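S.K.: So that you have it, the file is coords-v3.txt, and it contains compact mmCIF, C-alpha atoms:
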# COMPACT_ATOMS: atom_id res chain seq x y z
CA MET A 1 0.00 0.00 0.00
CA ALA A 2 2.85 2.41 0.94
CA LEU A 3 4.66 1.67 -2.30
CA ARG A 4 1.46 2.23 -4.23
CA MET A 5 0.93 5.57 -2.50
CA TRP A 6 4.49 6.63 -3.33
CA ALA A 7 3.99 5.56 -6.93
CA SER A 8 0.71 7.44 -7.06
CA SER A 9 2.18 10.69 -5.74
CA THR A 10 5.13 10.43 -8.11
CA ALA A 11 2.78 9.67 -10.96
CA ASN A 12 0.70 12.72 -10.09
CA ALA A 13 3.78 14.88 -10.24
CA LEU A 14 4.49 13.51 -13.70
CA LYS A 15 0.78 13.80 -14.60
CA ILE A 16 0.41 10.06 -15.21
CA SER A 17 -2.85 8.61 -14.02
CA CYS A 18 -2.88 5.60 -11.70
CA ALA A 19 -6.55 4.71 -12.03
CA SER A 20 -7.96 3.08 -8.95
CA LYS A 21 -10.27 0.85 -10.93
CA ALA A 22 -8.72 -2.03 -12.83
CA HIS A 23 -10.72 -1.47 -16.02
CA LEU A 24 -9.74 2.17 -16.31
CA SER A 25 -6.15 2.68 -17.32
CA PRO A 26 -4.26 5.59 -18.80
CA ALA A 27 -4.13 5.23 -22.55
CA PHE A 28 -2.11 8.22 -23.69
CA SER A 29 -1.33 10.15 -20.57
CA LEU A 30 2.02 11.60 -21.58
CA SER A 31 0.47 13.93 -24.07
CA ARG A 32 1.82 17.27 -25.08
CA CYS A 33 -0.77 18.92 -22.86
CA PHE A 34 0.01 16.57 -19.94
CA SER A 35 -3.67 15.87 -19.35
CA THR A 36 -4.83 12.37 -18.53
CA VAL A 37 -6.94 10.43 -21.00
CA LEU A 38 -8.33 7.09 -19.89
CA ASP A 39 -9.04 3.87 -21.74
CA GLY A 40 -12.57 2.54 -21.64
CA LEU A 41 -14.18 5.96 -22.05
CA LYS A 42 -15.55 7.84 -25.02
CA TYR A 43 -14.97 11.55 -25.51
CA ALA A 44 -16.84 14.51 -27.02
CA ASN A 45 -15.11 17.37 -28.83
CA SER A 46 -16.49 19.67 -26.13
CA HIS A 47 -14.31 17.79 -23.61
CA GLU A 48 -16.84 15.63 -21.79
CA TRP A 49 -16.33 11.91 -21.22
CA VAL A 50 -18.85 9.07 -21.00
CA LYS A 51 -18.47 5.58 -19.51
CA HIS A 52 -21.13 3.16 -20.66
CA GLU A 53 -21.74 0.24 -18.30
CA GLY A 54 -24.82 -1.84 -19.00
CA SER A 55 -27.93 0.32 -18.96
CA VAL A 56 -26.27 3.37 -17.41
CA ALA A 57 -23.76 5.86 -18.76
CA THR A 58 -21.74 8.11 -16.45
CA ILE A 59 -20.73 11.55 -17.70
CA GLY A 60 -18.17 14.11 -16.57
CA ILE A 61 -15.63 16.58 -17.94
CA THR A 62 -12.12 15.56 -18.88
CA ASP A 63 -8.83 16.28 -17.18
CA HIS A 64 -7.97 18.56 -20.12
CA ALA A 65 -11.13 20.56 -19.52
CA GLN A 66 -10.73 20.93 -15.75
CA ASP A 67 -7.11 21.97 -16.21
CA HIS A 68 -8.06 24.71 -18.68
CA LEU A 69 -11.04 25.88 -16.64
CA GLY A 70 -9.18 26.36 -13.37
CA GLU A 71 -10.54 25.86 -9.87
CA VAL A 72 -14.21 24.88 -10.05
CA VAL A 73 -16.17 26.73 -7.37
CA PHE A 74 -19.76 25.87 -8.29
CA VAL A 75 -21.59 23.23 -10.28
CA ASP A 76 -25.07 23.79 -11.68
CA LEU A 77 -26.64 20.31 -11.75
CA PRO A 78 -29.79 19.21 -13.57
CA GLU A 79 -32.68 17.49 -11.86
CA PRO A 80 -32.93 13.68 -11.96
CA GLY A 81 -35.70 12.54 -14.26
CA GLY A 82 -34.97 15.20 -16.85
CA SER A 83 -33.66 14.44 -20.31
CA VAL A 84 -30.41 15.29 -22.02
CA SER A 85 -29.66 15.50 -25.75
CA GLN A 86 -26.41 14.77 -27.49
CA GLY A 87 -24.35 17.92 -27.89
CA LYS A 88 -26.69 20.09 -25.82
CA GLY A 89 -25.93 21.71 -22.48
CA PHE A 90 -27.37 20.17 -19.33
CA GLY A 91 -25.56 22.10 -16.64
CA ALA A 92 -22.60 24.35 -16.01
CA VAL A 93 -19.48 24.74 -13.93
CA GLU A 94 -18.16 28.03 -12.55
CA SER A 95 -14.46 28.78 -12.41
CA VAL A 96 -12.36 31.93 -12.56
CA LYS A 97 -15.40 34.20 -12.84
CA ALA A 98 -16.82 32.20 -15.76
CA THR A 99 -19.70 29.79 -16.14
CA SER A 100 -18.96 27.11 -18.72
CA ASP A 101 -21.66 24.90 -20.18
CA VAL A 102 -21.34 21.15 -19.73
CA ASN A 103 -22.74 19.35 -22.77
CA SER A 104 -24.04 15.80 -22.86
CA PRO A 105 -22.12 13.41 -25.14
CA ILE A 106 -25.26 11.28 -25.51
CA SER A 107 -29.05 11.53 -25.30
CA GLY A 108 -31.07 9.96 -22.52
CA GLU A 109 -32.77 10.29 -19.16
CA VAL A 110 -30.89 11.60 -16.13
CA VAL A 111 -31.15 8.88 -13.48
CA GLU A 112 -28.70 10.27 -10.93
CA VAL A 113 -26.71 13.44 -10.30
CA ASN A 114 -23.56 13.71 -8.18
CA SER A 115 -24.91 15.73 -5.28
CA LYS A 116 -21.46 15.70 -3.61
CA LEU A 117 -20.48 18.36 -6.15
CA THR A 118 -22.75 20.88 -4.43
CA GLU A 119 -20.58 20.92 -1.31
CA ALA A 120 -17.32 19.85 -2.99
CA PRO A 121 -17.17 21.25 -6.53
CA GLY A 122 -13.40 20.84 -6.49
CA LEU A 123 -13.86 17.09 -6.98
CA ILE A 124 -14.10 17.93 -10.67
CA ASN A 125 -10.52 19.22 -10.51
CA SER A 126 -9.06 16.58 -8.22
CA SER A 127 -10.87 13.55 -9.65
CA PRO A 128 -12.45 14.39 -13.02
CA TYR A 129 -12.95 10.74 -14.07
CA GLU A 130 -14.01 9.23 -10.74
CA ASP A 131 -15.32 11.17 -7.75
CA GLY A 132 -15.95 14.21 -9.98
CA TRP A 133 -18.54 12.48 -12.22
CA ILE A 134 -21.48 14.78 -12.88
CA ILE A 135 -24.53 12.80 -14.05
CA LYS A 136 -25.62 9.25 -14.81
CA VAL A 137 -27.88 8.76 -17.80
CA LYS A 138 -30.01 5.94 -19.21
CA PRO A 139 -29.04 6.21 -22.90
CA SER A 140 -31.92 6.52 -25.34
CA SER A 141 -29.75 5.93 -28.43
CA PRO A 142 -26.70 3.83 -27.54
CA SER A 143 -25.50 4.07 -31.15
CA GLU A 144 -24.61 7.71 -30.43
CA LEU A 145 -21.54 6.40 -28.59
CA GLU A 146 -20.09 5.35 -31.92
CA SER A 147 -19.91 8.98 -33.03
CA LEU A 148 -17.67 9.90 -30.08
CA MET A 149 -13.88 9.80 -29.97
CA GLY A 150 -11.86 7.00 -28.43
CA PRO A 151 -8.87 7.75 -26.16
CA LYS A 152 -6.28 7.87 -28.94
CA GLU A 153 -8.40 10.15 -31.10
CA TYR A 154 -9.24 12.44 -28.16
CA THR A 155 -5.60 12.73 -27.12
CA LYS A 156 -4.69 13.81 -30.64
CA PHE A 157 -7.65 16.23 -30.63
CA CYS A 158 -6.38 17.88 -27.43
CA GLU A 159 -2.83 18.12 -28.73
CA GLU A 160 -3.99 19.73 -31.97
CA GLU A 161 -6.27 22.12 -30.11
CA ASP A 162 -3.50 23.24 -27.77
CA ALA A 163 -0.96 23.47 -30.58
CA SER A 164 -3.16 25.68 -32.71
CA HIS A 165 -3.52 28.34 -30.01
CA MET B 1 -18.19 59.08 -33.15
CA PRO B 2 -17.90 57.70 -36.70
CA ILE B 3 -16.64 54.14 -36.81
CA PRO B 4 -13.54 53.89 -39.01
CA GLN B 5 -14.32 51.78 -42.05
CA THR B 6 -10.88 51.74 -43.61
CA ARG B 7 -8.49 48.91 -42.90
CA ASN B 8 -11.44 46.70 -41.87
CA ILE B 9 -11.40 44.47 -44.90
CA GLY B 10 -10.99 40.85 -43.82
CA LEU B 11 -11.82 41.45 -40.16
CA PRO B 12 -14.75 39.55 -38.66
CA MET B 13 -17.96 41.56 -38.38
CA MET B 14 -19.15 42.78 -35.00
CA ASN B 15 -22.40 44.58 -34.22
CA LEU B 16 -22.06 47.59 -31.93
CA LEU B 17 -24.93 48.40 -29.59
CA ARG B 18 -24.70 51.61 -27.59
CA PHE B 19 -27.04 52.46 -24.74
CA LYS B 20 -27.17 55.20 -22.16
CA GLY B 21 -28.84 54.57 -18.84
CA LEU B 22 -30.39 51.24 -19.91
CA PRO B 23 -31.64 49.36 -16.85
CA ILE B 24 -29.06 46.70 -15.99
CA LEU B 25 -31.62 43.87 -15.95
CA GLN B 26 -32.60 44.73 -19.52
CA GLN B 27 -28.95 44.88 -20.56
CA LEU B 28 -28.30 41.45 -19.05
CA HIS B 29 -31.41 39.98 -20.70
CA ILE B 30 -30.25 41.28 -24.08
CA GLU B 31 -26.77 39.85 -23.49
CA GLU B 32 -28.04 36.45 -22.39
CA GLN B 33 -30.35 36.24 -25.39
CA LEU B 34 -27.63 37.26 -27.84
CA LEU B 35 -25.19 34.76 -26.35
CA ARG B 36 -27.67 31.90 -26.60
CA THR B 37 -29.61 32.67 -29.77
CA SER B 38 -27.46 34.84 -32.05
CA SER B 39 -24.67 33.62 -34.29
CA GLU B 40 -23.10 37.06 -34.68
CA ASN B 41 -20.45 38.92 -32.73
CA TRP B 42 -21.51 41.83 -30.52
CA CYS B 43 -20.02 44.72 -28.59
CA ILE B 44 -22.44 46.32 -26.15
CA ILE B 45 -21.71 49.56 -24.31
CA ASN B 46 -24.12 50.92 -21.72
CA ASP B 47 -23.14 54.32 -20.39
CA GLY B 48 -24.54 54.11 -16.86
CA THR B 49 -27.64 52.49 -15.46
CA ASN B 50 -30.23 54.70 -13.84
CA ASP B 51 -31.13 52.91 -10.63
CA PRO B 52 -28.55 51.62 -8.12
CA THR B 53 -28.76 47.84 -8.35
CA ILE B 54 -26.83 44.97 -6.79
CA VAL B 55 -25.76 42.33 -9.29
CA MET B 56 -24.54 38.93 -8.02
CA GLY B 57 -22.88 36.17 -10.02
CA VAL B 58 -24.66 32.91 -10.79
CA SER B 59 -23.54 31.17 -7.60
CA GLY B 60 -23.69 34.14 -5.27
CA LYS B 61 -25.11 33.53 -1.78
CA PRO B 62 -26.94 36.65 -0.54
CA ALA B 63 -26.25 36.12 3.16
CA GLU B 64 -22.51 35.85 2.47
CA LEU B 65 -22.29 38.79 0.11
CA LEU B 66 -24.92 41.33 1.15
CA GLU B 67 -25.99 43.29 4.21
CA ILE B 68 -29.49 41.93 3.63
CA GLU B 69 -31.18 43.97 6.35
CA SER B 70 -30.01 47.25 4.82
CA VAL B 71 -30.78 46.04 1.31
CA LEU B 72 -34.36 45.19 2.28
CA ARG B 73 -34.80 48.32 4.36
CA ASP B 74 -33.71 50.56 1.47
CA GLN B 75 -35.34 48.38 -1.19
CA VAL B 76 -32.19 48.06 -3.28
CA PRO B 77 -32.92 45.69 -6.18
CA VAL B 78 -30.79 42.52 -6.30
CA ILE B 79 -30.17 40.62 -9.52
CA ARG B 80 -28.64 37.16 -9.99
CA ARG B 81 -26.98 37.24 -13.42
CA PHE B 82 -26.13 34.37 -15.75
CA THR B 83 -22.36 34.80 -15.69
CA GLY B 84 -19.90 33.77 -13.01
CA GLY B 85 -17.90 36.05 -10.79
CA GLY B 86 -18.55 38.35 -7.89
CA THR B 87 -20.98 40.97 -6.64
CA VAL B 88 -21.14 44.60 -7.68
CA ILE B 89 -23.44 47.52 -7.02
CA VAL B 90 -23.97 49.50 -10.17
CA ASP B 91 -25.49 52.91 -10.89
CA CYS B 92 -25.21 55.89 -13.20
CA GLY B 93 -21.47 56.06 -12.53
CA THR B 94 -20.89 52.57 -13.94
CA ILE B 95 -19.91 52.06 -17.57
CA PHE B 96 -20.61 48.60 -18.97
CA ALA B 97 -18.69 47.03 -21.85
CA THR B 98 -19.49 43.60 -23.21
CA PHE B 99 -18.11 41.35 -25.91
CA ILE B 100 -20.09 38.38 -27.22
CA CYS B 101 -18.13 36.32 -29.74
CA ASN B 102 -18.16 33.13 -31.71
CA LYS B 103 -15.31 30.79 -30.80
CA GLU B 104 -13.56 31.46 -34.10
CA ALA B 105 -13.95 35.24 -33.97
CA VAL B 106 -10.60 35.86 -32.30
CA PRO B 107 -7.87 33.88 -34.09
CA ASP B 108 -5.87 31.50 -31.89
CA LEU B 109 -7.99 32.20 -28.81
CA GLN B 110 -8.94 29.14 -26.74
CA PRO B 111 -12.48 29.53 -25.36
CA TYR B 112 -11.52 29.20 -21.71
CA PRO B 113 -11.69 31.81 -18.94
CA ARG B 114 -8.03 32.77 -18.67
CA PRO B 115 -7.25 33.16 -22.40
CA ILE B 116 -10.41 35.23 -22.88
CA MET B 117 -9.48 37.42 -19.91
CA SER B 118 -5.96 37.81 -21.29
CA TRP B 119 -7.34 38.84 -24.69
CA SER B 120 -9.62 41.46 -23.17
CA SER B 121 -6.82 42.85 -21.04
CA LEU B 122 -4.75 43.43 -24.19
CA LEU B 123 -7.65 45.28 -25.77
CA TYR B 124 -8.13 47.52 -22.76
CA GLY B 125 -4.37 47.87 -22.55
CA LYS B 126 -4.65 49.85 -25.78
CA VAL B 127 -7.40 52.00 -24.24
CA PHE B 128 -5.35 52.84 -21.16
CA GLN B 129 -1.92 52.89 -22.74
CA GLY B 130 0.39 54.96 -20.61
CA ILE B 131 -2.35 55.78 -18.14
CA GLY B 132 -2.42 54.99 -14.49
CA ASP B 133 -0.36 51.76 -14.46
CA PHE B 134 -3.30 49.83 -15.93
CA HIS B 135 -3.18 46.05 -15.94
CA LEU B 136 -5.14 42.88 -15.38
CA ARG B 137 -4.51 41.60 -11.88
CA GLU B 138 -6.04 38.27 -10.81
CA ASN B 139 -9.03 38.79 -13.13
CA ASP B 140 -9.64 42.45 -12.16
CA TYR B 141 -8.75 45.61 -14.06
CA VAL B 142 -6.63 47.81 -11.83
CA PHE B 143 -4.69 51.02 -11.73
CA GLY B 144 -1.74 49.99 -9.60
CA ASN B 145 -3.37 47.78 -6.98
CA HIS B 146 -6.77 49.49 -6.98
CA LYS B 147 -9.62 47.80 -8.81
CA PHE B 148 -11.80 49.83 -11.13
CA GLY B 149 -13.22 47.11 -13.38
CA GLY B 150 -14.79 43.75 -12.56
CA ASN B 151 -15.14 40.98 -15.12
CA ALA B 152 -17.38 37.99 -15.64
CA GLN B 153 -17.87 35.45 -18.39
CA SER B 154 -20.07 32.70 -19.68
CA ILE B 155 -18.81 30.13 -22.16
CA THR B 156 -21.02 27.89 -24.28
CA LYS B 157 -20.11 25.20 -26.78
CA SER B 158 -19.47 27.64 -29.59
CA ARG B 159 -19.61 31.17 -28.11
CA TRP B 160 -18.51 33.24 -25.17
CA ILE B 161 -19.36 36.48 -23.42
CA HIS B 162 -16.98 38.66 -21.46
CA HIS B 163 -18.55 41.61 -19.72
CA THR B 164 -17.09 44.27 -17.49
CA SER B 165 -18.50 46.86 -15.14
CA PHE B 166 -16.18 49.85 -14.95
CA LEU B 167 -16.31 52.18 -11.94
CA TRP B 168 -16.09 55.51 -13.66
CA ASP B 169 -17.53 56.90 -10.44
CA PHE B 170 -19.38 55.46 -7.52
CA ASP B 171 -21.40 56.49 -4.47
CA VAL B 172 -19.48 55.60 -1.32
CA ARG B 173 -22.74 54.99 0.54
CA ASN B 174 -23.68 52.18 -1.84
CA MET B 175 -20.65 50.14 -0.87
CA THR B 176 -22.12 49.65 2.60
CA TYR B 177 -24.67 47.21 1.14
CA LEU B 178 -21.88 44.77 0.24
CA LYS B 179 -20.00 42.55 2.68
CA LEU B 180 -16.34 41.70 2.26
CA PRO B 181 -16.47 38.57 0.08
CA LYS B 182 -15.10 35.28 1.43
CA ARG B 183 -13.53 34.56 -1.94
CA ALA B 184 -11.34 37.54 -2.73
CA PRO B 185 -8.20 38.00 -4.84
CA GLU B 186 -4.93 37.79 -2.92
CA TYR B 187 -3.91 41.29 -3.89
CA ARG B 188 -6.94 42.65 -2.07
CA SER B 189 -5.08 41.85 1.17
CA ALA B 190 -8.25 42.11 3.23
CA ARG B 191 -8.71 45.79 2.33
CA GLY B 192 -12.14 47.29 2.80
CA HIS B 193 -14.13 48.43 -0.25
CA LEU B 194 -12.98 52.05 -0.20
CA ASP B 195 -9.30 51.11 0.13
CA PHE B 196 -9.58 48.48 -2.60
CA ILE B 197 -11.40 50.25 -5.44
CA CYS B 198 -10.81 53.49 -7.33
CA CYS B 199 -12.60 55.63 -9.88
CA MET B 200 -11.79 55.78 -13.56
CA LYS B 201 -12.81 59.46 -13.58
CA ASP B 202 -9.49 60.30 -11.93
CA TYR B 203 -7.74 58.97 -15.05
CA MET B 204 -9.92 59.49 -18.11
CA PRO B 205 -13.08 61.35 -19.19
CA ARG B 206 -16.13 59.19 -19.69
CA SER B 207 -16.59 59.79 -23.40
CA THR B 208 -12.88 59.29 -24.03
CA PHE B 209 -13.02 55.83 -22.47
CA ILE B 210 -16.05 54.82 -24.55
CA ASN B 211 -14.58 56.18 -27.78
CA LYS B 212 -11.21 54.54 -27.17
CA THR B 213 -12.88 51.20 -26.39
CA VAL B 214 -14.79 51.36 -29.67
CA GLU B 215 -11.60 52.33 -31.47
CA ALA B 216 -9.59 49.47 -29.92
CA THR B 217 -12.36 47.02 -30.79
CA GLY B 218 -12.30 48.32 -34.35
CA THR B 219 -8.69 47.19 -34.74
CA GLN B 220 -9.83 43.56 -34.44
CA PHE B 221 -13.37 43.65 -35.79
CA SER B 222 -15.26 45.39 -38.54
CA LEU B 223 -17.80 47.28 -36.45
CA ARG B 224 -21.26 48.22 -37.60
CA SER B 225 -23.75 50.15 -35.51
CA TYR B 226 -26.85 48.08 -34.82
CA PRO B 227 -30.18 49.92 -34.63
CA LEU B 228 -31.57 49.70 -31.10
CA GLU B 229 -35.13 49.21 -32.30
CA ALA B 230 -34.07 45.96 -33.97
CA ILE B 231 -33.23 44.39 -30.62
CA GLU B 232 -36.27 42.42 -29.54
CA THR B 233 -36.70 41.18 -26.01
CA GLY B 234 -39.71 39.81 -24.25
CA SER B 235 -42.55 37.51 -25.14
CA GLU B 236 -42.10 37.58 -28.91
CA THR B 237 -39.10 35.29 -28.62
CA GLU B 238 -39.02 31.83 -27.12
CA PHE B 239 -35.90 32.52 -25.10
CA TYR B 240 -36.31 32.79 -21.34
CA PRO B 241 -33.30 34.38 -19.65
CA SER B 242 -32.14 33.03 -16.33
CA THR B 243 -31.03 36.47 -15.09
CA ARG B 244 -33.65 37.79 -12.69
CA PHE B 245 -34.41 39.87 -9.65
CA LEU B 246 -34.36 38.10 -6.28
CA THR B 247 -37.59 38.66 -4.39
CA ASP B 248 -37.80 40.10 -0.87
CA GLU B 249 -39.02 36.69 0.26
CA GLU B 250 -35.94 35.01 -1.18
CA LEU B 251 -33.63 37.52 0.49
CA GLU B 252 -35.41 37.13 3.82
CA ALA B 253 -35.21 33.35 3.56
CA ALA B 254 -31.51 33.58 2.70
CA ALA B 255 -30.88 35.78 5.71
CA ALA B 256 -32.73 33.35 7.96
CA ALA B 257 -30.86 30.35 6.61
CA GLY B 258 -27.49 32.11 6.58
CA GLN B 259 -27.12 31.47 2.85
For the structure just supplied, provide its representation as structure tokens.

M.R.:
Amino acid sequence: MALRMWASSTANALKISCASKAHLSPAFSLSRCFSTVLDGLKYANSHEWVKHEGSVATIGITDHAQDHLGEVVFVDLPEPGGSVSQGKGFGAVESVKATSDVNSPISGEVVEVNSKLTEAPGLINSSPYEDGWIIKVKPSSPSELESLMGPKEYTKFCEEEDASH
Amino acid sequence: MPIPQTRNIGLPMMNLLRFKGLPILQQLHIEEQLLRTSSENWCIINDGTNDPTIVMGVSGKPAELLEIESVLRDQVPVIRRFTGGGTVIVDCGTIFATFICNKEAVPDLQPYPRPIMSWSSLLYGKVFQGIGDFHLRENDYVFGNHKFGGNAQSITKSRWIHHTSFLWDFDVRNMTYLKLPKRAPEYRSARGHLDFICCMKDYMPRSTFINKTVEATGTQFSLRSYPLEAIETGSETEFYPSTRFLTDEELEAAAAAGQ
């Protein structure tokens, strides 16, 4: 356990992700932008991620997004039971005097929201792929996942976006 | 002031809306609607707002930010706006300047808070060149270490808004409605309102600031004046802005709950 903790803190310094869950592993974490991108997830070009497990998909914003946004101080969450549409905003995060829309990578019904974010919005910064998840959705069109980017494609997308600015 | 048309070939178009004394709620409704429903770029300048009004950011908690008892006693209107950021009290001495842009409008600009803030500071750097040690300091516009301009933003998938309230002048008495915020920039160093802020009128005439802002904007955009009567707000459109007044009941409940 101690060795794992040392490895984890060293990895954090080098911006390599040591995912706590076995099925999530860093795919291309040593990117030019030094943001973590995880295997097993799909990614939208507006920098949200989605993890589809059975009948539920979990959605959050990526490490690249939280890094560019800065310290998140407030999260505007939707109500459970509402619907989300692919590419449309469902909530927002506030950081550095700005509200930024969070867009849903897929369409469906919101079945759960991460209420911990109300008291601890910084979870989005510290744990964007795990404790900082934002909503869980019952997908209405699972085929929409095929239109999203995989880890390799998203890593390249981030590198190109950062390089062009 | 005539908008220079030469040297504008190839620059992205931007509509210029100029108001004087427009109520701040109406200004914010126009801005929110243009951000969400327009596909054009906009510069909005409102030279003062007639009634002193408190304007909080989207996540502002009244009990933390306001002296609610005084606010209710004196019936000062309180607005929660759609952008992030802090709390201001605005009046006829406030000059508002807003930019609403498509993501691609400014070349090489990433649509995130800090790059947008950096871009705007360069624009206003041209306005205040050589004047008063102007710079952007931890997201505020300052002369030296005194704040005279507060900024806020909202960023959507394909557009962003950056708006600023400039203290050309202010009424000292109005500052007593605002508490010292818990979240404050480090450079504030726990200073009270009157030691922290300053007036732009000590540095530049009002009309000069507005004209120079339009001129600086015109170096990056091809500006065209937009007729005010063409701006439609209200029930004709299907857009419902989130910016609104807080009711007395909401303020009383916030005071009771300590929120």

S.K.: Rounded to one decimal, what separation in Å do you get between CA of Glu69 (chain B) and CA of Leu251 (chain B)?

M.R.: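 Taking CA of Glu69 (chain B) as the start and CA of Leu251 (chain B) as the end point, the length is 9.1 Å.
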
S.K.: Fewer than 5 positions away in the same chain doesn't count, so skip those; otherwise give me all residues within 10 Å of Asp202 (chain B), counting all atoms listed in the file, as a PyMOL selection string.

M.R.: chain B and resi 132+168-169

S.K.: Pull out every residue of chain A sitting within 7 Å of chain B, counting all atoms listed in the file, and send them as a PyMOL selection string.

M.R.: chain A and resi 46+68-69+74+94+96-101+164-165

S.K.: Could you pull the residues within 10 Å of region 39-48 of chain B, counting all atoms listed in the file, minus those fewer than 3 positions along the same chain, as a ChimeraX atom specification?

M.R.: /B:12-24,27,30-31,34-36,51-52,90-103,105,158-169,206-207,210,213-214,217,221,223-226

S.K.: In Å to one decimal, how far is CA of Leu123 (chain B) from CA of Gln220 (chain B)?

M.R.: 9.1 Å

S.K.: Rounded to one decimal place, report the CA of Lys51 (chain A)-CA of Gly89 (chain A) distance in Å.

M.R.: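 Computing the Euclidean distance for CA of Lys51 (chain A) and CA of Gly89 (chain A) yields 18.0 Å.
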
S.K.: I'd like the contact shell of Glu144 (chain A) - 12 Å cut-off, only C-alpha atoms, skipping same-chain residues fewer than 2 positions apart - returned as a PyMOL selection string.

M.R.: chain A and resi 42-44+50+52+57+85-87+104-108+139-142+146-149

S.K.: Looking at A:Glu48, A:Glu160, A:Glu71, A:Glu130, which one is nearest to Phe90 (chain A), with distances taken over all atoms listed in the file?

M.R.: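 Counting all atoms listed in the file, the residue closest to Phe90 (chain A) is A:Glu48.
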
S.K.: Which residue out of B:Ser222, B:Gln75, B:Asn50, B:Thr176 has the minimum interatomic distance to Asp248 (chain B) when only C-alpha atoms are used?

M.R.: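 Nearest candidate to Asp248 (chain B) out of B:Ser222, B:Gln75, B:Asn50, B:Thr176: B:Gln75.
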
S.K.: Would you save region 38-50 of chain B from the block above with C-alpha atoms, as an mmCIF file, in the first residue's frame?

M.R.:
data_model
loop_
_atom_site.group_PDB
_atom_site.id
_atom_site.type_symbol
_atom_site.label_atom_id
_atom_site.label_comp_id
_atom_site.auth_asym_id
_atom_site.auth_seq_id
_atom_site.Cartn_x
_atom_site.Cartn_y
_atom_site.Cartn_z
ATOM 1 C CA SER B 38 -27.457 34.837 -32.052
ATOM 2 C CA SER B 39 -24.666 33.622 -34.286
ATOM 3 C CA GLU B 40 -23.098 37.061 -34.681
ATOM 4 C CA ASN B 41 -20.447 38.924 -32.725
ATOM 5 C CA TRP B 42 -21.512 41.830 -30.516
ATOM 6 C CA CYS B 43 -20.020 44.720 -28.591
ATOM 7 C CA ILE B 44 -22.436 46.325 -26.153
ATOM 8 C CA ILE B 45 -21.709 49.555 -24.315
ATOM 9 C CA ASN B 46 -24.117 50.921 -21.721
ATOM 10 C CA ASP B 47 -23.141 54.315 -20.390
ATOM 11 C CA GLY B 48 -24.537 54.108 -16.860
ATOM 12 C CA THR B 49 -27.642 52.495 -15.463
ATOM 13 C CA ASN B 50 -30.227 54.701 -13.844
#
